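Participant: Submitted below is the structure of interest, expressed as structure tokens.
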Amino acid sequence: MADEVKSFGDLKSTLIKAKPAETKAEAAEQGKASRDSKGRAYATGKRKNAVARVWIKPGRGQIVINGKEEKIYFARPVLRMILRQPLIVANRDGQFDVVCTVAGGGLSGQAGAVRHGISKALIAYEPSLRAVLKQGGFLTRDPRAVERKKYGRPKARRSFQFSKR
């Protein structure tokens, strides 16, 4: 360190001078989009016991899950809404075709896994969307899962019925 720091004011000014170099390095790391030879971005999403492998590419907004259209695979409108949340928040609804395969869990967990995968794939395709998706909470994997059954109990927490006599 060439400059000697003698007070807190000097320390503050040296820290302010050092910050722009760090943010440029972070911006350079975030600026790299990862796409395959076909121009697709890939990501894996998880929720409960469901795992979704998601590929996105520019297109007309078609979503295909396990070879079926979105309306056929997820018949409930709530599940389709969950799928489209990251695209709507990022203002990219109708701009990307989504192809995904989902395994494990039930329909609700699978919808959450696809949403998580779409969010991560959008960041892989367009890193500038990270701030918007992070603020919406789409990048956090929901850790909640079914609690395991304990021995000596009929379910995870339920006890056998008490009998006085």
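Order determines the names: the first chain of the structure tokens is A, the second B, and so forth; residues in each chain are numbered 1 upward, and ligands are numbered 1 upward as they are shown.
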Can you tell me, as a list in words, what residues are no more than 7 Å from Ser119 of chain A when counting only C-alpha atoms, ignoring any on the same chain fewer than 3 positions away?

Facilitator: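 Here the qualifying residues turn out to be Pro86, Arg115, His116, Leu122, Ile123, Leu133, Phe138 and Leu139 of chain A.
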
Participant: Please save N, CA, C and O atoms of the selected residues as a tab-separated table (two decimals), in the first residue's frame.

Facilitator:
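Saved result, selection20.tsv, follows:
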chain	number	residue	atom	x	y	z
A	86	PRO	N	-41.54	-16.94	-14.01
A	86	PRO	CA	-40.23	-16.32	-14.30
A	86	PRO	C	-40.21	-15.61	-15.65
A	86	PRO	O	-39.58	-14.55	-15.80
A	115	ARG	N	-40.39	-24.46	-12.90
A	115	ARG	CA	-40.23	-23.01	-12.68
A	115	ARG	C	-38.81	-22.68	-12.27
A	115	ARG	O	-38.20	-21.74	-12.79
A	116	HIS	N	-38.26	-23.47	-11.35
A	116	HIS	CA	-36.88	-23.27	-10.91
A	116	HIS	C	-35.90	-23.46	-12.07
A	116	HIS	O	-34.96	-22.68	-12.25
A	122	LEU	N	-32.93	-19.14	-17.91
A	122	LEU	CA	-32.98	-17.74	-18.37
A	122	LEU	C	-31.70	-17.00	-18.01
A	122	LEU	O	-31.18	-16.22	-18.80
A	123	ILE	N	-31.18	-17.28	-16.82
A	123	ILE	CA	-29.92	-16.63	-16.42
A	123	ILE	C	-28.76	-17.15	-17.24
A	123	ILE	O	-27.86	-16.39	-17.61
A	133	LEU	N	-34.85	-11.84	-11.39
A	133	LEU	CA	-35.32	-13.16	-10.96
A	133	LEU	C	-34.96	-13.43	-9.49
A	133	LEU	O	-35.72	-14.06	-8.77
A	138	PHE	N	-37.12	-16.55	-7.48
A	138	PHE	CA	-37.24	-17.70	-8.37
A	138	PHE	C	-35.97	-18.54	-8.42
A	138	PHE	O	-35.99	-19.65	-8.94
A	139	LEU	N	-34.87	-18.05	-7.89
A	139	LEU	CA	-33.61	-18.78	-7.95
A	139	LEU	C	-33.37	-19.64	-6.71
A	139	LEU	O	-32.48	-20.48	-6.69

Participant: Fewer than 3 positions away in the same chain doesn't count, so skip those; otherwise give me all residues within 6 Å of segment 30-42 of chain A, counting only C-alpha atoms, as a count of residues only.

Facilitator: 9

Participant: Suppose you want the space between atom CA of Gln110 of chain A and atom CA of Val51 of chain A; what is it in Å?

Facilitator: 7.1 Å

Participant: Extract, using only C-alpha atoms, all DNA, RNA and protein residues at most 6 Å from segment 102-105 of chain A, discarding same-chain residues fewer than 3 positions from it, and format them as a list in words.

Facilitator: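 So, after excluding close chain neighbours, the residues are Asn49, Ala50, Val51, Ala52 and Gly109 of chain A.
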
Participant: Give the helix (DSSP H, G or I) residues of segment 25-120 of chain A, as assigned by DSSP on the backbone, as a PDB file with all heavy atoms, in the first residue's frame.

Facilitator:
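File produced: states-v5.pdb:
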ATOM      1  N   ALA A  25     -15.026  -6.676 -12.314  1.00  0.00           N
ATOM      2  CA  ALA A  25     -14.696  -8.099 -12.397  1.00  0.00           C
ATOM      3  C   ALA A  25     -15.957  -8.955 -12.277  1.00  0.00           C
ATOM      4  O   ALA A  25     -16.120  -9.937 -12.993  1.00  0.00           O
ATOM      5  CB  ALA A  25     -13.701  -8.474 -11.295  1.00  0.00           C
ATOM      6  N   GLU A  26     -16.873  -8.559 -11.380  1.00  0.00           N
ATOM      7  CA  GLU A  26     -18.131  -9.297 -11.233  1.00  0.00           C
ATOM      8  C   GLU A  26     -18.975  -9.187 -12.497  1.00  0.00           C
ATOM      9  O   GLU A  26     -19.603 -10.144 -12.923  1.00  0.00           O
ATOM     10  CB  GLU A  26     -18.921  -8.768 -10.040  1.00  0.00           C
ATOM     11  CG  GLU A  26     -18.296  -9.109  -8.703  1.00  0.00           C
ATOM     12  CD  GLU A  26     -19.037  -8.459  -7.545  1.00  0.00           C
ATOM     13  OE1 GLU A  26     -20.155  -7.950  -7.767  1.00  0.00           O
ATOM     14  OE2 GLU A  26     -18.496  -8.457  -6.444  1.00  0.00           O
ATOM     15  N   ALA A  27     -19.003  -8.007 -13.090  1.00  0.00           N
ATOM     16  CA  ALA A  27     -19.779  -7.809 -14.318  1.00  0.00           C
ATOM     17  C   ALA A  27     -19.219  -8.653 -15.462  1.00  0.00           C
ATOM     18  O   ALA A  27     -19.969  -9.178 -16.280  1.00  0.00           O
ATOM     19  CB  ALA A  27     -19.779  -6.337 -14.710  1.00  0.00           C
ATOM     20  N   ALA A  28     -17.906  -8.813 -15.503  1.00  0.00           N
ATOM     21  CA  ALA A  28     -17.288  -9.633 -16.548  1.00  0.00           C
ATOM     22  C   ALA A  28     -17.672 -11.103 -16.368  1.00  0.00           C
ATOM     23  O   ALA A  28     -17.905 -11.814 -17.346  1.00  0.00           O
ATOM     24  CB  ALA A  28     -15.767  -9.469 -16.518  1.00  0.00           C
ATOM     25  N   GLU A  29     -17.743 -11.550 -15.101  1.00  0.00           N
ATOM     26  CA  GLU A  29     -18.140 -12.936 -14.853  1.00  0.00           C
ATOM     27  C   GLU A  29     -19.603 -13.162 -15.205  1.00  0.00           C
ATOM     28  O   GLU A  29     -19.966 -14.179 -15.772  1.00  0.00           O
ATOM     29  CB  GLU A  29     -17.926 -13.281 -13.373  1.00  0.00           C
ATOM     30  CG  GLU A  29     -16.482 -13.487 -13.000  1.00  0.00           C
ATOM     31  CD  GLU A  29     -16.337 -13.832 -11.525  1.00  0.00           C
ATOM     32  OE1 GLU A  29     -17.306 -14.344 -10.932  1.00  0.00           O
ATOM     33  OE2 GLU A  29     -15.255 -13.584 -10.977  1.00  0.00           O
ATOM     34  N   GLN A  30     -20.473 -12.196 -14.861  1.00  0.00           N
ATOM     35  CA  GLN A  30     -21.897 -12.346 -15.133  1.00  0.00           C
ATOM     36  C   GLN A  30     -22.213 -12.228 -16.614  1.00  0.00           C
ATOM     37  O   GLN A  30     -23.199 -12.770 -17.073  1.00  0.00           O
ATOM     38  CB  GLN A  30     -22.700 -11.283 -14.387  1.00  0.00           C
ATOM     39  CG  GLN A  30     -22.882 -11.585 -12.935  1.00  0.00           C
ATOM     40  CD  GLN A  30     -23.810 -10.581 -12.270  1.00  0.00           C
ATOM     41  OE1 GLN A  30     -24.083  -9.527 -12.841  1.00  0.00           O
ATOM     42  NE2 GLN A  30     -24.274 -10.904 -11.081  1.00  0.00           N
ATOM     43  N   GLU A  70     -48.021 -27.972 -22.643  1.00  0.00           N
ATOM     44  CA  GLU A  70     -48.191 -27.486 -21.272  1.00  0.00           C
ATOM     45  C   GLU A  70     -49.637 -27.663 -20.792  1.00  0.00           C
ATOM     46  O   GLU A  70     -49.883 -28.085 -19.662  1.00  0.00           O
ATOM     47  CB  GLU A  70     -47.764 -26.017 -21.247  1.00  0.00           C
ATOM     48  CG  GLU A  70     -48.421 -25.151 -20.233  1.00  0.00           C
ATOM     49  CD  GLU A  70     -48.181 -23.680 -20.461  1.00  0.00           C
ATOM     50  OE1 GLU A  70     -48.198 -23.221 -21.610  1.00  0.00           O
ATOM     51  OE2 GLU A  70     -47.991 -22.997 -19.456  1.00  0.00           O
ATOM     52  N   LYS A  71     -50.627 -27.377 -21.641  1.00  0.00           N
ATOM     53  CA  LYS A  71     -52.036 -27.472 -21.229  1.00  0.00           C
ATOM     54  C   LYS A  71     -52.478 -28.912 -21.000  1.00  0.00           C
ATOM     55  O   LYS A  71     -53.383 -29.163 -20.215  1.00  0.00           O
ATOM     56  CB  LYS A  71     -52.936 -26.823 -22.277  1.00  0.00           C
ATOM     57  CG  LYS A  71     -52.850 -25.325 -22.280  1.00  0.00           C
ATOM     58  CD  LYS A  71     -53.885 -24.713 -23.172  1.00  0.00           C
ATOM     59  CE  LYS A  71     -53.798 -23.199 -23.073  1.00  0.00           C
ATOM     60  NZ  LYS A  71     -54.849 -22.529 -23.820  1.00  0.00           N
ATOM     61  N   ILE A  72     -51.847 -29.852 -21.667  1.00  0.00           N
ATOM     62  CA  ILE A  72     -52.208 -31.256 -21.490  1.00  0.00           C
ATOM     63  C   ILE A  72     -51.526 -31.835 -20.254  1.00  0.00           C
ATOM     64  O   ILE A  72     -52.149 -32.515 -19.444  1.00  0.00           O
ATOM     65  CB  ILE A  72     -51.847 -32.077 -22.752  1.00  0.00           C
ATOM     66  CG1 ILE A  72     -52.684 -31.584 -23.921  1.00  0.00           C
ATOM     67  CG2 ILE A  72     -52.037 -33.561 -22.514  1.00  0.00           C
ATOM     68  CD1 ILE A  72     -52.268 -32.134 -25.256  1.00  0.00           C
ATOM     69  N   TYR A  73     -50.223 -31.534 -20.068  1.00  0.00           N
ATOM     70  CA  TYR A  73     -49.474 -32.103 -18.941  1.00  0.00           C
ATOM     71  C   TYR A  73     -49.930 -31.496 -17.623  1.00  0.00           C
ATOM     72  O   TYR A  73     -50.166 -32.202 -16.652  1.00  0.00           O
ATOM     73  CB  TYR A  73     -47.973 -31.901 -19.141  1.00  0.00           C
ATOM     74  CG  TYR A  73     -47.145 -32.764 -18.223  1.00  0.00           C
ATOM     75  CD1 TYR A  73     -46.840 -34.080 -18.561  1.00  0.00           C
ATOM     76  CD2 TYR A  73     -46.684 -32.282 -17.012  1.00  0.00           C
ATOM     77  CE1 TYR A  73     -46.104 -34.880 -17.716  1.00  0.00           C
ATOM     78  CE2 TYR A  73     -45.949 -33.075 -16.154  1.00  0.00           C
ATOM     79  CZ  TYR A  73     -45.657 -34.374 -16.512  1.00  0.00           C
ATOM     80  OH  TYR A  73     -44.932 -35.169 -15.671  1.00  0.00           O
ATOM     81  N   PRO A  77     -54.973 -24.634 -14.145  1.00  0.00           N
ATOM     82  CA  PRO A  77     -54.444 -23.314 -14.508  1.00  0.00           C
ATOM     83  C   PRO A  77     -53.414 -22.774 -13.522  1.00  0.00           C
ATOM     84  O   PRO A  77     -52.492 -22.056 -13.904  1.00  0.00           O
ATOM     85  CB  PRO A  77     -55.676 -22.407 -14.529  1.00  0.00           C
ATOM     86  CG  PRO A  77     -56.849 -23.295 -14.517  1.00  0.00           C
ATOM     87  CD  PRO A  77     -56.427 -24.627 -14.009  1.00  0.00           C
ATOM     88  N   VAL A  78     -53.545 -23.142 -12.235  1.00  0.00           N
ATOM     89  CA  VAL A  78     -52.597 -22.664 -11.221  1.00  0.00           C
ATOM     90  C   VAL A  78     -51.193 -23.174 -11.520  1.00  0.00           C
ATOM     91  O   VAL A  78     -50.201 -22.437 -11.399  1.00  0.00           O
ATOM     92  CB  VAL A  78     -53.050 -23.122  -9.813  1.00  0.00           C
ATOM     93  CG1 VAL A  78     -52.014 -22.791  -8.770  1.00  0.00           C
ATOM     94  CG2 VAL A  78     -54.371 -22.490  -9.461  1.00  0.00           C
ATOM     95  N   LEU A  79     -51.086 -24.430 -11.941  1.00  0.00           N
ATOM     96  CA  LEU A  79     -49.774 -25.004 -12.242  1.00  0.00           C
ATOM     97  C   LEU A  79     -49.163 -24.346 -13.475  1.00  0.00           C
ATOM     98  O   LEU A  79     -47.955 -24.105 -13.532  1.00  0.00           O
ATOM     99  CB  LEU A  79     -49.890 -26.514 -12.437  1.00  0.00           C
ATOM    100  CG  LEU A  79     -50.371 -27.302 -11.205  1.00  0.00           C
ATOM    101  CD1 LEU A  79     -50.510 -28.773 -11.536  1.00  0.00           C
ATOM    102  CD2 LEU A  79     -49.447 -27.087 -10.032  1.00  0.00           C
ATOM    103  N   ARG A  80     -50.000 -24.035 -14.477  1.00  0.00           N
ATOM    104  CA  ARG A  80     -49.487 -23.340 -15.671  1.00  0.00           C
ATOM    105  C   ARG A  80     -49.039 -21.922 -15.324  1.00  0.00           C
ATOM    106  O   ARG A  80     -48.059 -21.423 -15.880  1.00  0.00           O
ATOM    107  CB  ARG A  80     -50.559 -23.319 -16.760  1.00  0.00           C
ATOM    108  CG  ARG A  80     -50.829 -24.693 -17.338  1.00  0.00           C
ATOM    109  CD  ARG A  80     -51.565 -24.631 -18.647  1.00  0.00           C
ATOM    110  NE  ARG A  80     -52.832 -23.927 -18.585  1.00  0.00           N
ATOM    111  CZ  ARG A  80     -54.013 -24.505 -18.355  1.00  0.00           C
ATOM    112  NH1 ARG A  80     -54.074 -25.811 -18.168  1.00  0.00           N
ATOM    113  NH2 ARG A  80     -55.111 -23.798 -18.319  1.00  0.00           N
ATOM    114  N   MET A  81     -49.744 -21.288 -14.388  1.00  0.00           N
ATOM    115  CA  MET A  81     -49.355 -19.952 -13.938  1.00  0.00           C
ATOM    116  C   MET A  81     -47.982 -20.006 -13.256  1.00  0.00           C
ATOM    117  O   MET A  81     -47.127 -19.150 -13.481  1.00  0.00           O
ATOM    118  CB  MET A  81     -50.402 -19.401 -12.984  1.00  0.00           C
ATOM    119  CG  MET A  81     -50.086 -18.015 -12.465  1.00  0.00           C
ATOM    120  SD  MET A  81     -50.985 -17.601 -10.970  1.00  0.00           S
ATOM    121  CE  MET A  81     -50.218 -18.682  -9.783  1.00  0.00           C
ATOM    122  N   ILE A  82     -47.782 -21.034 -12.422  1.00  0.00           N
ATOM    123  CA  ILE A  82     -46.494 -21.195 -11.739  1.00  0.00           C
ATOM    124  C   ILE A  82     -45.365 -21.332 -12.748  1.00  0.00           C
ATOM    125  O   ILE A  82     -44.283 -20.759 -12.578  1.00  0.00           O
ATOM    126  CB  ILE A  82     -46.548 -22.416 -10.790  1.00  0.00           C
ATOM    127  CG1 ILE A  82     -47.432 -22.097  -9.597  1.00  0.00           C
ATOM    128  CG2 ILE A  82     -45.162 -22.826 -10.328  1.00  0.00           C
ATOM    129  CD1 ILE A  82     -47.718 -23.282  -8.701  1.00  0.00           C
ATOM    130  N   LEU A  83     -45.596 -22.087 -13.822  1.00  0.00           N
ATOM    131  CA  LEU A  83     -44.571 -22.283 -14.864  1.00  0.00           C
ATOM    132  C   LEU A  83     -44.151 -20.968 -15.495  1.00  0.00           C
ATOM    133  O   LEU A  83     -42.975 -20.732 -15.747  1.00  0.00           O
ATOM    134  CB  LEU A  83     -45.122 -23.157 -15.995  1.00  0.00           C
ATOM    135  CG  LEU A  83     -45.287 -24.638 -15.783  1.00  0.00           C
ATOM    136  CD1 LEU A  83     -45.713 -25.264 -17.087  1.00  0.00           C
ATOM    137  CD2 LEU A  83     -44.021 -25.255 -15.297  1.00  0.00           C
ATOM    138  N   ARG A  84     -45.120 -20.120 -15.789  1.00  0.00           N
ATOM    139  CA  ARG A  84     -44.850 -18.907 -16.560  1.00  0.00           C
ATOM    140  C   ARG A  84     -44.359 -17.727 -15.723  1.00  0.00           C
ATOM    141  O   ARG A  84     -43.948 -16.705 -16.282  1.00  0.00           O
ATOM    142  CB  ARG A  84     -46.100 -18.490 -17.324  1.00  0.00           C
ATOM    143  CG  ARG A  84     -46.466 -19.486 -18.398  1.00  0.00           C
ATOM    144  CD  ARG A  84     -47.398 -18.875 -19.417  1.00  0.00           C
ATOM    145  NE  ARG A  84     -47.611 -19.784 -20.519  1.00  0.00           N
ATOM    146  CZ  ARG A  84     -46.892 -19.771 -21.629  1.00  0.00           C
ATOM    147  NH1 ARG A  84     -45.928 -18.897 -21.790  1.00  0.00           N
ATOM    148  NH2 ARG A  84     -47.141 -20.629 -22.593  1.00  0.00           N
ATOM    149  N   GLN A  85     -44.371 -17.837 -14.404  1.00  0.00           N
ATOM    150  CA  GLN A  85     -43.971 -16.721 -13.546  1.00  0.00           C
ATOM    151  C   GLN A  85     -42.605 -16.130 -13.880  1.00  0.00           C
ATOM    152  O   GLN A  85     -42.490 -14.913 -14.030  1.00  0.00           O
ATOM    153  CB  GLN A  85     -44.022 -17.138 -12.070  1.00  0.00           C
ATOM    154  CG  GLN A  85     -45.402 -17.113 -11.488  1.00  0.00           C
ATOM    155  CD  GLN A  85     -45.434 -17.565 -10.042  1.00  0.00           C
ATOM    156  OE1 GLN A  85     -44.548 -18.294  -9.589  1.00  0.00           O
ATOM    157  NE2 GLN A  85     -46.449 -17.139  -9.317  1.00  0.00           N
ATOM    158  N   PRO A  86     -41.535 -16.936 -14.010  1.00  0.00           N
ATOM    159  CA  PRO A  86     -40.233 -16.319 -14.303  1.00  0.00           C
ATOM    160  C   PRO A  86     -40.208 -15.606 -15.655  1.00  0.00           C
ATOM    161  O   PRO A  86     -39.584 -14.553 -15.798  1.00  0.00           O
ATOM    162  CB  PRO A  86     -39.247 -17.486 -14.298  1.00  0.00           C
ATOM    163  CG  PRO A  86     -39.997 -18.702 -13.982  1.00  0.00           C
ATOM    164  CD  PRO A  86     -41.435 -18.364 -13.803  1.00  0.00           C
ATOM    165  N   LEU A  87     -40.906 -16.154 -16.642  1.00  0.00           N
ATOM    166  CA  LEU A  87     -40.938 -15.521 -17.961  1.00  0.00           C
ATOM    167  C   LEU A  87     -41.687 -14.195 -17.913  1.00  0.00           C
ATOM    168  O   LEU A  87     -41.282 -13.219 -18.551  1.00  0.00           O
ATOM    169  CB  LEU A  87     -41.591 -16.458 -18.978  1.00  0.00           C
ATOM    170  CG  LEU A  87     -40.847 -17.766 -19.257  1.00  0.00           C
ATOM    171  CD1 LEU A  87     -41.729 -18.737 -20.019  1.00  0.00           C
ATOM    172  CD2 LEU A  87     -39.573 -17.487 -20.033  1.00  0.00           C
ATOM    173  N   ILE A  88     -42.777 -14.135 -17.149  1.00  0.00           N
ATOM    174  CA  ILE A  88     -43.564 -12.907 -17.050  1.00  0.00           C
ATOM    175  C   ILE A  88     -42.792 -11.837 -16.291  1.00  0.00           C
ATOM    176  O   ILE A  88     -42.761 -10.675 -16.710  1.00  0.00           O
ATOM    177  CB  ILE A  88     -44.923 -13.201 -16.376  1.00  0.00           C
ATOM    178  CG1 ILE A  88     -45.784 -14.057 -17.310  1.00  0.00           C
ATOM    179  CG2 ILE A  88     -45.650 -11.922 -16.014  1.00  0.00           C
ATOM    180  CD1 ILE A  88     -47.010 -14.644 -16.665  1.00  0.00           C
ATOM    181  N   VAL A  89     -42.141 -12.213 -15.190  1.00  0.00           N
ATOM    182  CA  VAL A  89     -41.376 -11.248 -14.399  1.00  0.00           C
ATOM    183  C   VAL A  89     -40.222 -10.670 -15.213  1.00  0.00           C
ATOM    184  O   VAL A  89     -39.908  -9.486 -15.121  1.00  0.00           O
ATOM    185  CB  VAL A  89     -40.859 -11.908 -13.100  1.00  0.00           C
ATOM    186  CG1 VAL A  89     -39.838 -11.044 -12.408  1.00  0.00           C
ATOM    187  CG2 VAL A  89     -42.018 -12.188 -12.171  1.00  0.00           C
ATOM    188  N   LEU A 107     -47.569 -33.508  -9.255  1.00  0.00           N
ATOM    189  CA  LEU A 107     -47.701 -32.418 -10.221  1.00  0.00           C
ATOM    190  C   LEU A 107     -47.276 -31.075  -9.639  1.00  0.00           C
ATOM    191  O   LEU A 107     -46.647 -30.267 -10.328  1.00  0.00           O
ATOM    192  CB  LEU A 107     -49.144 -32.336 -10.723  1.00  0.00           C
ATOM    193  CG  LEU A 107     -49.566 -33.441 -11.688  1.00  0.00           C
ATOM    194  CD1 LEU A 107     -51.020 -33.282 -12.072  1.00  0.00           C
ATOM    195  CD2 LEU A 107     -48.691 -33.421 -12.928  1.00  0.00           C
ATOM    196  N   SER A 108     -47.617 -30.805  -8.395  1.00  0.00           N
ATOM    197  CA  SER A 108     -47.252 -29.530  -7.778  1.00  0.00           C
ATOM    198  C   SER A 108     -45.730 -29.392  -7.664  1.00  0.00           C
ATOM    199  O   SER A 108     -45.161 -28.341  -7.992  1.00  0.00           O
ATOM    200  CB  SER A 108     -47.884 -29.423  -6.393  1.00  0.00           C
ATOM    201  OG  SER A 108     -47.463 -28.256  -5.750  1.00  0.00           O
ATOM    202  N   GLY A 109     -45.061 -30.446  -7.214  1.00  0.00           N
ATOM    203  CA  GLY A 109     -43.605 -30.424  -7.120  1.00  0.00           C
ATOM    204  C   GLY A 109     -42.954 -30.325  -8.481  1.00  0.00           C
ATOM    205  O   GLY A 109     -41.946 -29.633  -8.655  1.00  0.00           O
ATOM    206  N   GLN A 110     -43.526 -30.978  -9.475  1.00  0.00           N
ATOM    207  CA  GLN A 110     -42.980 -30.912 -10.827  1.00  0.00           C
ATOM    208  C   GLN A 110     -43.117 -29.513 -11.405  1.00  0.00           C
ATOM    209  O   GLN A 110     -42.205 -29.022 -12.065  1.00  0.00           O
ATOM    210  CB  GLN A 110     -43.668 -31.937 -11.729  1.00  0.00           C
ATOM    211  CG  GLN A 110     -43.263 -33.355 -11.415  1.00  0.00           C
ATOM    212  CD  GLN A 110     -43.884 -34.368 -12.349  1.00  0.00           C
ATOM    213  OE1 GLN A 110     -44.733 -34.039 -13.179  1.00  0.00           O
ATOM    214  NE2 GLN A 110     -43.460 -35.612 -12.223  1.00  0.00           N
ATOM    215  N   ALA A 111     -44.247 -28.857 -11.156  1.00  0.00           N
ATOM    216  CA  ALA A 111     -44.426 -27.485 -11.636  1.00  0.00           C
ATOM    217  C   ALA A 111     -43.399 -26.551 -10.995  1.00  0.00           C
ATOM    218  O   ALA A 111     -42.805 -25.700 -11.662  1.00  0.00           O
ATOM    219  CB  ALA A 111     -45.839 -27.002 -11.346  1.00  0.00           C
ATOM    220  N   GLY A 112     -43.162 -26.721  -9.700  1.00  0.00           N
ATOM    221  CA  GLY A 112     -42.145 -25.918  -9.020  1.00  0.00           C
ATOM    222  C   GLY A 112     -40.743 -26.194  -9.535  1.00  0.00           C
ATOM    223  O   GLY A 112     -39.923 -25.282  -9.662  1.00  0.00           O
ATOM    224  N   ALA A 113     -40.466 -27.450  -9.867  1.00  0.00           N
ATOM    225  CA  ALA A 113     -39.150 -27.811 -10.402  1.00  0.00           C
ATOM    226  C   ALA A 113     -38.945 -27.193 -11.788  1.00  0.00           C
ATOM    227  O   ALA A 113     -37.858 -26.694 -12.092  1.00  0.00           O
ATOM    228  CB  ALA A 113     -39.007 -29.326 -10.478  1.00  0.00           C
ATOM    229  N   VAL A 114     -39.977 -27.206 -12.611  1.00  0.00           N
ATOM    230  CA  VAL A 114     -39.867 -26.607 -13.951  1.00  0.00           C
ATOM    231  C   VAL A 114     -39.675 -25.102 -13.828  1.00  0.00           C
ATOM    232  O   VAL A 114     -38.875 -24.507 -14.547  1.00  0.00           O
ATOM    233  CB  VAL A 114     -41.106 -26.948 -14.811  1.00  0.00           C
ATOM    234  CG1 VAL A 114     -41.086 -26.183 -16.116  1.00  0.00           C
ATOM    235  CG2 VAL A 114     -41.158 -28.437 -15.086  1.00  0.00           C
ATOM    236  N   ARG A 115     -40.392 -24.460 -12.902  1.00  0.00           N
ATOM    237  CA  ARG A 115     -40.232 -23.011 -12.682  1.00  0.00           C
ATOM    238  C   ARG A 115     -38.806 -22.683 -12.269  1.00  0.00           C
ATOM    239  O   ARG A 115     -38.199 -21.744 -12.785  1.00  0.00           O
ATOM    240  CB  ARG A 115     -41.211 -22.543 -11.611  1.00  0.00           C
ATOM    241  CG  ARG A 115     -41.103 -21.053 -11.312  1.00  0.00           C
ATOM    242  CD  ARG A 115     -42.086 -20.628 -10.263  1.00  0.00           C
ATOM    243  NE  ARG A 115     -41.470 -20.752  -8.950  1.00  0.00           N
ATOM    244  CZ  ARG A 115     -41.895 -20.099  -7.876  1.00  0.00           C
ATOM    245  NH1 ARG A 115     -42.966 -19.342  -7.943  1.00  0.00           N
ATOM    246  NH2 ARG A 115     -41.292 -20.238  -6.729  1.00  0.00           N
ATOM    247  N   HIS A 116     -38.259 -23.473 -11.350  1.00  0.00           N
ATOM    248  CA  HIS A 116     -36.876 -23.266 -10.905  1.00  0.00           C
ATOM    249  C   HIS A 116     -35.903 -23.456 -12.068  1.00  0.00           C
ATOM    250  O   HIS A 116     -34.959 -22.681 -12.248  1.00  0.00           O
ATOM    251  CB  HIS A 116     -36.581 -24.258  -9.770  1.00  0.00           C
ATOM    252  CG  HIS A 116     -35.271 -24.043  -9.092  1.00  0.00           C
ATOM    253  ND1 HIS A 116     -34.413 -25.067  -8.822  1.00  0.00           N
ATOM    254  CD2 HIS A 116     -34.672 -22.928  -8.629  1.00  0.00           C
ATOM    255  CE1 HIS A 116     -33.338 -24.593  -8.232  1.00  0.00           C
ATOM    256  NE2 HIS A 116     -33.467 -23.294  -8.098  1.00  0.00           N
ATOM    257  N   GLY A 117     -36.146 -24.490 -12.889  1.00  0.00           N
ATOM    258  CA  GLY A 117     -35.279 -24.743 -14.043  1.00  0.00           C
ATOM    259  C   GLY A 117     -35.360 -23.650 -15.090  1.00  0.00           C
ATOM    260  O   GLY A 117     -34.342 -23.247 -15.662  1.00  0.00           O
ATOM    261  N   ILE A 118     -36.558 -23.139 -15.361  1.00  0.00           N
ATOM    262  CA  ILE A 118     -36.717 -22.051 -16.339  1.00  0.00           C
ATOM    263  C   ILE A 118     -35.974 -20.814 -15.855  1.00  0.00           C
ATOM    264  O   ILE A 118     -35.301 -20.136 -16.637  1.00  0.00           O
ATOM    265  CB  ILE A 118     -38.211 -21.742 -16.576  1.00  0.00           C
ATOM    266  CG1 ILE A 118     -38.874 -22.868 -17.361  1.00  0.00           C
ATOM    267  CG2 ILE A 118     -38.386 -20.427 -17.321  1.00  0.00           C
ATOM    268  CD1 ILE A 118     -40.382 -22.740 -17.496  1.00  0.00           C
ATOM    269  N   SER A 119     -36.073 -20.516 -14.564  1.00  0.00           N
ATOM    270  CA  SER A 119     -35.376 -19.349 -14.008  1.00  0.00           C
ATOM    271  C   SER A 119     -33.864 -19.461 -14.197  1.00  0.00           C
ATOM    272  O   SER A 119     -33.206 -18.513 -14.629  1.00  0.00           O
ATOM    273  CB  SER A 119     -35.694 -19.202 -12.521  1.00  0.00           C
ATOM    274  OG  SER A 119     -37.066 -19.116 -12.311  1.00  0.00           O
ATOM    275  N   LYS A 120     -33.325 -20.637 -13.877  1.00  0.00           N
ATOM    276  CA  LYS A 120     -31.878 -20.826 -14.011  1.00  0.00           C
ATOM    277  C   LYS A 120     -31.444 -20.820 -15.476  1.00  0.00           C
ATOM    278  O   LYS A 120     -30.369 -20.309 -15.809  1.00  0.00           O
ATOM    279  CB  LYS A 120     -31.466 -22.140 -13.330  1.00  0.00           C
ATOM    280  CG  LYS A 120     -31.523 -22.046 -11.802  1.00  0.00           C
ATOM    281  CD  LYS A 120     -31.354 -23.369 -11.116  1.00  0.00           C
ATOM    282  CE  LYS A 120     -30.003 -23.991 -11.335  1.00  0.00           C
ATOM    283  NZ  LYS A 120     -29.841 -25.250 -10.561  1.00  0.00           N
TER     284      LYS A 120
END

Participant: With only C-alpha atoms as the basis for distance, which of A:Thr44, A:Asn66, A:Thr140, A:Ser159 is at the shortest distance from Val99 of chain A?

Facilitator: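 Closest candidate: A:Asn66.
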
Participant: Tell me, in Å to one decimal, how far atom CA of Lys68 of chain A is from atom CA of Cys100 of chain A.

Facilitator: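 We find that atom CA of Lys68 of chain A and atom CA of Cys100 of chain A lie 9.8 Å from each other.
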
Participant: Between A:Lys48, A:Arg165, A:Arg92, A:Arg53, which is the closest to Glu147 of chain A once you count only C-alpha atoms?

Facilitator: A:Lys48

Participant: Apply DSSP to the backbone of this structure and, from segment 37-123 of chain A, keep only the residues in strand (DSSP E); write these as a PyMOL selection string.

Facilitator: chain A and resi 41-47+50-58+63-65+68-69+96-103

Participant: Please identify all polymer residues within 8 Å of Phe96 of chain A, counting only C-alpha atoms, omitting same-chain residues fewer than 5 positions from it, and present them as a PyMOL selection string.

Facilitator: chain A and resi 56-62

Participant: Could you turn the residues from that selection into a file that holds C-alpha atoms, as an mmCIF file, in the first residue's frame?

Facilitator:
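As written to disk, out33.cif reads:
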data_model
loop_
_atom_site.group_PDB
_atom_site.id
_atom_site.type_symbol
_atom_site.label_atom_id
_atom_site.label_comp_id
_atom_site.auth_asym_id
_atom_site.auth_seq_id
_atom_site.Cartn_x
_atom_site.Cartn_y
_atom_site.Cartn_z
ATOM 1 C CA ILE A 56 -34.766 -22.814 -23.575
ATOM 2 C CA LYS A 57 -34.218 -21.266 -26.986
ATOM 3 C CA PRO A 58 -35.687 -18.263 -28.818
ATOM 4 C CA GLY A 59 -39.094 -19.061 -30.260
ATOM 5 C CA ARG A 60 -42.844 -18.465 -30.095
ATOM 6 C CA GLY A 61 -43.410 -19.242 -26.401
ATOM 7 C CA GLN A 62 -44.276 -22.923 -26.708
#
